[in-house]
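Just below is one structure, and these are the notes that go with it.
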Amino acid sequence: MGIKGKCAVVGGGTMGRQIGLNAAIHGYDTTVCEPVPAVRESLLAWEESYLAGRIAKGKMTEEQVAEIKGRFRVTDDLAAAVKDADVVIEAIIEDRAAKTAVLQQIGELAPENAVIGTNSSFMVSSLFKDVVKNPSRLMNTHFFAPALVMKLVEVVKGEHVSDEAAERAMAWCREVGKTPVLVRKEEDGFIVNNVLKVIKEEAYRLVNAGVCSMEDLDTAVKLGLGHPMGPYELDDLSGIDVRYNVLKRRYEETGVKSEGFDMIEKLYKEGRYGKKTKHGFYDYE
């Protein structure tokens with residue numbers, strides 16, 4: 001597969017590394033920018049292990065893996081990562097100040113016609129439109145975990161986003177093997193998380209009320225509704241820290257405390273962030 005174009009992913013954590021490697025697998029010359037040395041080391045070890053596993057399982061040949069490795073780079077130099085990119089995806093921590101600073105830099109350093117996507121699951125891109133040069137190309141491109149496997153990407157077209165930029169983002173998603181859906185206006189939570197919000201609130205309520213255990217609720221949702229994971233397992237996968245920030249912001253803005261707020265806050269304060277720390281609602285030792 002030849003080079004389709006250039007892609008940069010800013011942030012080498014769980015989501016960023018998978019978004020980046022997925023783009024490289026599908027033919028994009030991809031650079032992941034990550035400033036923390038330990039995270040870069042972890043990313044490179046993960047890449048090696050993942051691709052070796054693809055060979056071992058017969059999913060890829062050694063030649064294919066060699067080509068992918070040739071298209072995939074990791075750096076701490078943001079300017080070098082984004083300078084020739086057609087598409088830049090921001091995938092750093094869910095912190096507004098941090099995203100503001102990084103997106104401002106991306107807007108200055110990336111080509112003026114590069115599409116800029118933020119992978120944020122709950123901060124709409126219009127929050128950052130005043131700091132990004134040519135904000136008509138800035139939008140949410142929300143991937144789902146694990147990003148190498150999950151097909152869906154929510155492309156969110158705020159009022160500031162041009163039709164042409166949204167169409168380019170949708171086309172890029174298809175080129176990297178994803179199925180994009182267009183969210184036609186900004187709404188907190190987009191599509192999937194708004195549906196999940198209702199399910200999770202009821203899941204928290206039932207356990208808090210003593211109707212069932214957490215384990216039995218997850219089992220019931222999987223076997224009765226056909227979901228691949230129960231709500232508590234899903235929170236562990238996506239990150240208790242991410243969930244806590246969502247519920248905390250919602251509480252601060254509305255004054256209404258989620259059924260799950262106290263449960264999530266307790267885990268957050270204990271450093272039990274889910275699968276990433278091997279402890280959350282469940283233990284993963």
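Order determines the names: the first chain of the structure tokens is A, the second B, and so forth; residues in each chain are numbered 1 upward, and ligands are numbered 1 upward as they are shown.
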Find the residues near Lys157 (chain A): any atom within 6 Å, counting only C-alpha atoms, skip ones fewer than 4 places away on the same chain, and give them as a PyMOL selection string.
chain A and resi 161+184-185
Would you tabulate, counting only C-alpha atoms, all residues of region 118-228 of chain A that have an atom at most 9 Å from an atom of region 84-94 of chain A, showing the closest pair of atoms and their distance in Å to one decimal, sorted by chain then ascending number, as CSV?
residue,atom,partner,partner_atom,distance
A:Thr118,CA,A:Glu90,CA,4.7
A:Asn119,CA,A:Ala91,CA,5.3
A:Ser120,CA,A:Glu94,CA,6.6
A:Ser121,CA,A:Glu94,CA,8.4
A:Phe122,CA,A:Glu94,CA,8.4
A:Met123,CA,A:Glu94,CA,8.0
A:Thr141,CA,A:Ile89,CA,7.7
A:Ala169,CA,A:Val87,CA,8.0
A:Trp172,CA,A:Val87,CA,8.1
Just the residues within 9 Å of Glu62 (chain A), please, counting only C-alpha atoms, with nothing from its chain fewer than 5 positions along; format it as number ranges by chain.
A: 52, 55, 67
Test item: residues at most 7 Å from Tyr244 (chain A), only C-alpha atoms, excluding those fewer than 2 positions along its chain, as a ChimeraX atom specification:
/A:240-242,246-248,264-265,268
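Proximity of A:Ser258, A:Ser125, A:Thr100, A:Ser238 to Lys276 (chain A), computed with only C-alpha atoms, is greatest for A:Ser238.
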Do a neighbour search on Tyr232 (chain A) at 8 Å with only C-alpha atoms, toss out local chain neighbours closer than 5 positions, and write the hits as a VMD selection string.
chain A and resid 214 218 281
Set the distance at 9 Å and use only C-alpha atoms: which residues neighbour Tyr282 (chain A) once local chain neighbours fewer than 4 positions away are removed? I'd like the list as an mmCIF file with N, CA and C atoms, in the first residue's frame.
data_model
loop_
_atom_site.group_PDB
_atom_site.id
_atom_site.type_symbol
_atom_site.label_atom_id
_atom_site.label_comp_id
_atom_site.auth_asym_id
_atom_site.auth_seq_id
_atom_site.Cartn_x
_atom_site.Cartn_y
_atom_site.Cartn_z
ATOM 1 N N TYR A 232 -20.036 -0.861 33.854
ATOM 2 C CA TYR A 232 -18.895 -0.709 34.766
ATOM 3 C C TYR A 232 -17.595 -1.138 34.095
ATOM 4 N N GLU A 233 -17.659 -2.193 33.301
ATOM 5 C CA GLU A 233 -16.480 -2.605 32.534
ATOM 6 C C GLU A 233 -16.088 -1.525 31.532
ATOM 7 N N ASP A 236 -14.213 1.264 33.185
ATOM 8 C CA ASP A 236 -12.831 0.854 33.442
ATOM 9 C C ASP A 236 -11.985 0.946 32.177
ATOM 10 N N GLY A 274 -8.963 2.415 36.342
ATOM 11 C CA GLY A 274 -9.441 1.403 35.418
ATOM 12 C C GLY A 274 -8.319 0.546 34.872
ATOM 13 N N LYS A 275 -8.502 0.051 33.663
ATOM 14 C CA LYS A 275 -7.534 -0.895 33.088
ATOM 15 C C LYS A 275 -6.135 -0.306 32.984
ATOM 16 N N LYS A 278 -4.631 -0.961 36.142
ATOM 17 C CA LYS A 278 -4.915 -2.343 36.573
ATOM 18 C C LYS A 278 -5.928 -2.433 37.711
#
Got a sec: who's within 12 Å of Glu41 (chain A), counting only C-alpha atoms, leaving out chain neighbours fewer than 2 positions off, as an MDAnalysis selection string?
chainID A and resid 12:13 17 34:39 43:48 74:76
Take the residues from that selection and put them in a file with C-alpha atoms, as a PDB file, in the first residue's frame.
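What landed in result-v6.pdb:
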ATOM      1  CA  GLY A  12       1.003   9.236  22.682  1.00  0.00           C
ATOM      2  CA  GLY A  13      -1.284   7.815  25.358  1.00  0.00           C
ATOM      3  CA  ARG A  17      -0.893   5.736  19.885  1.00  0.00           C
ATOM      4  CA  GLU A  34       4.660  12.850  22.738  1.00  0.00           C
ATOM      5  CA  PRO A  35       6.771  15.046  25.047  1.00  0.00           C
ATOM      6  CA  VAL A  36       7.144  12.611  27.984  1.00  0.00           C
ATOM      7  CA  PRO A  37      10.129  10.225  27.559  1.00  0.00           C
ATOM      8  CA  ALA A  38       8.564   7.388  29.567  1.00  0.00           C
ATOM      9  CA  VAL A  39       5.401   7.531  27.456  1.00  0.00           C
ATOM     10  CA  LEU A  43       4.568   3.606  22.992  1.00  0.00           C
ATOM     11  CA  LEU A  44       7.490   2.131  21.052  1.00  0.00           C
ATOM     12  CA  ALA A  45       7.460  -1.067  23.126  1.00  0.00           C
ATOM     13  CA  TRP A  46       3.706  -1.360  22.576  1.00  0.00           C
ATOM     14  CA  GLU A  47       4.090  -0.825  18.807  1.00  0.00           C
ATOM     15  CA  GLU A  48       6.725  -3.567  18.608  1.00  0.00           C
ATOM     16  CA  VAL A  74       7.484   8.990  17.325  1.00  0.00           C
ATOM     17  CA  THR A  75       8.965  12.358  18.303  1.00  0.00           C
ATOM     18  CA  ASP A  76       8.896  15.045  20.972  1.00  0.00           C
TER      19      ASP A  76
END
Rows by chain and residue number, region 212-276 of chain A within 8 Å of region 201-208 of chain A, shortest pair, only C-alpha atoms, as CSV:
residue,atom,partner,partner_atom,distance
A:Cys212,CA,A:Val207,CA,5.5
A:Ser213,CA,A:Val207,CA,5.8
A:Met214,CA,A:Val207,CA,6.1
A:Leu217,CA,A:Ala203,CA,7.1
A:Pro231,CA,A:Ala203,CA,6.9
A:Ser258,CA,A:Glu201,CA,7.0
A:Glu259,CA,A:Tyr204,CA,5.7
A:Gly260,CA,A:Tyr204,CA,5.2
In Å, with one decimal, what is the gap from CA of Val132 (chain A) to CA of Asn113 (chain A)?
12.2 Å
Choose the residue, out of A:Asn134, A:Thr254, A:Ser126, A:Asn193, that has the smallest atom-to-atom separation from Pro111 (chain A); count only C-alpha atoms.
A:Asn134
How many Å separate CA of Cys7 (chain A) from CA of Thr30 (chain A)?
4.7 Å
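Selecting strand (DSSP E) from the backbone DSSP output for region 56-218 of chain A yields Phe72, Arg73, Val74, Thr75, Val87, Val88, Ile89, Glu90, Val115, Ile116, Gly117, Thr118, Leu138, Met139, Asn140, Thr141, His142, Phe143, Leu152, Val153, Glu154, Val155, Val156, Thr179, Pro180, Val181, Leu182 and Val183 of chain A.
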Go ahead and write the selection's residues with N, CA and C atoms as a PDB file, in the first residue's frame.
ATOM      1  N   PHE A  72       5.678   4.907  10.376  1.00  0.00           N
ATOM      2  CA  PHE A  72       5.276   5.289  11.743  1.00  0.00           C
ATOM      3  C   PHE A  72       6.473   5.805  12.531  1.00  0.00           C
ATOM      4  N   ARG A  73       6.377   7.030  12.999  1.00  0.00           N
ATOM      5  CA  ARG A  73       7.466   7.634  13.768  1.00  0.00           C
ATOM      6  C   ARG A  73       6.931   8.251  15.061  1.00  0.00           C
ATOM      7  N   VAL A  74       7.817   8.380  16.034  1.00  0.00           N
ATOM      8  CA  VAL A  74       7.484   8.990  17.325  1.00  0.00           C
ATOM      9  C   VAL A  74       8.517  10.069  17.608  1.00  0.00           C
ATOM     10  N   THR A  75       8.060  11.239  18.053  1.00  0.00           N
ATOM     11  CA  THR A  75       8.965  12.358  18.303  1.00  0.00           C
ATOM     12  C   THR A  75       8.459  13.189  19.474  1.00  0.00           C
ATOM     13  N   VAL A  87      -3.590  15.961   7.945  1.00  0.00           N
ATOM     14  CA  VAL A  87      -4.539  15.819   9.050  1.00  0.00           C
ATOM     15  C   VAL A  87      -3.751  15.777  10.355  1.00  0.00           C
ATOM     16  N   VAL A  88      -4.193  16.549  11.350  1.00  0.00           N
ATOM     17  CA  VAL A  88      -3.588  16.520  12.677  1.00  0.00           C
ATOM     18  C   VAL A  88      -4.688  16.182  13.683  1.00  0.00           C
ATOM     19  N   ILE A  89      -4.455  15.146  14.498  1.00  0.00           N
ATOM     20  CA  ILE A  89      -5.413  14.756  15.526  1.00  0.00           C
ATOM     21  C   ILE A  89      -4.802  15.020  16.897  1.00  0.00           C
ATOM     22  N   GLU A  90      -5.460  15.867  17.677  1.00  0.00           N
ATOM     23  CA  GLU A  90      -5.036  16.123  19.074  1.00  0.00           C
ATOM     24  C   GLU A  90      -5.688  15.073  19.961  1.00  0.00           C
ATOM     25  N   VAL A 115      -6.474  19.727   8.125  1.00  0.00           N
ATOM     26  CA  VAL A 115      -7.623  19.490   9.001  1.00  0.00           C
ATOM     27  C   VAL A 115      -7.101  19.226  10.403  1.00  0.00           C
ATOM     28  N   ILE A 116      -7.707  19.869  11.394  1.00  0.00           N
ATOM     29  CA  ILE A 116      -7.308  19.666  12.786  1.00  0.00           C
ATOM     30  C   ILE A 116      -8.484  19.049  13.536  1.00  0.00           C
ATOM     31  N   GLY A 117      -8.254  17.862  14.061  1.00  0.00           N
ATOM     32  CA  GLY A 117      -9.289  17.187  14.830  1.00  0.00           C
ATOM     33  C   GLY A 117      -8.904  17.086  16.290  1.00  0.00           C
ATOM     34  N   THR A 118      -9.872  17.253  17.184  1.00  0.00           N
ATOM     35  CA  THR A 118      -9.635  16.968  18.598  1.00  0.00           C
ATOM     36  C   THR A 118     -10.409  15.721  18.953  1.00  0.00           C
ATOM     37  N   LEU A 138     -11.179  23.182  12.248  1.00  0.00           N
ATOM     38  CA  LEU A 138     -11.059  22.551  13.574  1.00  0.00           C
ATOM     39  C   LEU A 138     -12.377  21.912  13.973  1.00  0.00           C
ATOM     40  N   MET A 139     -12.330  20.622  14.309  1.00  0.00           N
ATOM     41  CA  MET A 139     -13.570  19.940  14.700  1.00  0.00           C
ATOM     42  C   MET A 139     -13.249  18.762  15.611  1.00  0.00           C
ATOM     43  N   ASN A 140     -14.263  18.261  16.294  1.00  0.00           N
ATOM     44  CA  ASN A 140     -14.102  17.021  17.042  1.00  0.00           C
ATOM     45  C   ASN A 140     -14.085  15.844  16.076  1.00  0.00           C
ATOM     46  N   THR A 141     -13.091  14.983  16.234  1.00  0.00           N
ATOM     47  CA  THR A 141     -13.045  13.690  15.550  1.00  0.00           C
ATOM     48  C   THR A 141     -12.914  12.656  16.665  1.00  0.00           C
ATOM     49  N   HIS A 142     -14.041  12.184  17.140  1.00  0.00           N
ATOM     50  CA  HIS A 142     -14.080  11.379  18.357  1.00  0.00           C
ATOM     51  C   HIS A 142     -13.994   9.891  18.037  1.00  0.00           C
ATOM     52  N   PHE A 143     -12.826   9.303  18.309  1.00  0.00           N
ATOM     53  CA  PHE A 143     -12.616   7.865  18.156  1.00  0.00           C
ATOM     54  C   PHE A 143     -13.086   7.145  19.415  1.00  0.00           C
ATOM     55  N   LEU A 152     -16.181   3.151  14.650  1.00  0.00           N
ATOM     56  CA  LEU A 152     -16.902   4.428  14.650  1.00  0.00           C
ATOM     57  C   LEU A 152     -16.007   5.628  14.966  1.00  0.00           C
ATOM     58  N   VAL A 153     -16.238   6.721  14.229  1.00  0.00           N
ATOM     59  CA  VAL A 153     -15.676   8.033  14.576  1.00  0.00           C
ATOM     60  C   VAL A 153     -16.809   9.057  14.443  1.00  0.00           C
ATOM     61  N   GLU A 154     -17.024   9.833  15.498  1.00  0.00           N
ATOM     62  CA  GLU A 154     -18.007  10.909  15.437  1.00  0.00           C
ATOM     63  C   GLU A 154     -17.306  12.186  14.975  1.00  0.00           C
ATOM     64  N   VAL A 155     -17.698  12.696  13.804  1.00  0.00           N
ATOM     65  CA  VAL A 155     -17.158  13.950  13.280  1.00  0.00           C
ATOM     66  C   VAL A 155     -18.199  15.024  13.563  1.00  0.00           C
ATOM     67  N   VAL A 156     -17.798  16.030  14.359  1.00  0.00           N
ATOM     68  CA  VAL A 156     -18.763  17.005  14.866  1.00  0.00           C
ATOM     69  C   VAL A 156     -18.590  18.340  14.150  1.00  0.00           C
ATOM     70  N   THR A 179     -15.677   4.079  10.077  1.00  0.00           N
ATOM     71  CA  THR A 179     -16.994   4.490   9.590  1.00  0.00           C
ATOM     72  C   THR A 179     -17.375   5.765  10.336  1.00  0.00           C
ATOM     73  N   PRO A 180     -17.280   6.926   9.673  1.00  0.00           N
ATOM     74  CA  PRO A 180     -17.620   8.177  10.356  1.00  0.00           C
ATOM     75  C   PRO A 180     -19.111   8.452  10.320  1.00  0.00           C
ATOM     76  N   VAL A 181     -19.603   9.086  11.373  1.00  0.00           N
ATOM     77  CA  VAL A 181     -20.967   9.623  11.368  1.00  0.00           C
ATOM     78  C   VAL A 181     -20.855  11.122  11.591  1.00  0.00           C
ATOM     79  N   LEU A 182     -21.717  11.881  10.931  1.00  0.00           N
ATOM     80  CA  LEU A 182     -21.670  13.335  11.038  1.00  0.00           C
ATOM     81  C   LEU A 182     -22.636  13.808  12.118  1.00  0.00           C
ATOM     82  N   VAL A 183     -22.077  14.463  13.132  1.00  0.00           N
ATOM     83  CA  VAL A 183     -22.892  15.112  14.158  1.00  0.00           C
ATOM     84  C   VAL A 183     -23.097  16.538  13.659  1.00  0.00           C
TER      85      VAL A 183
END
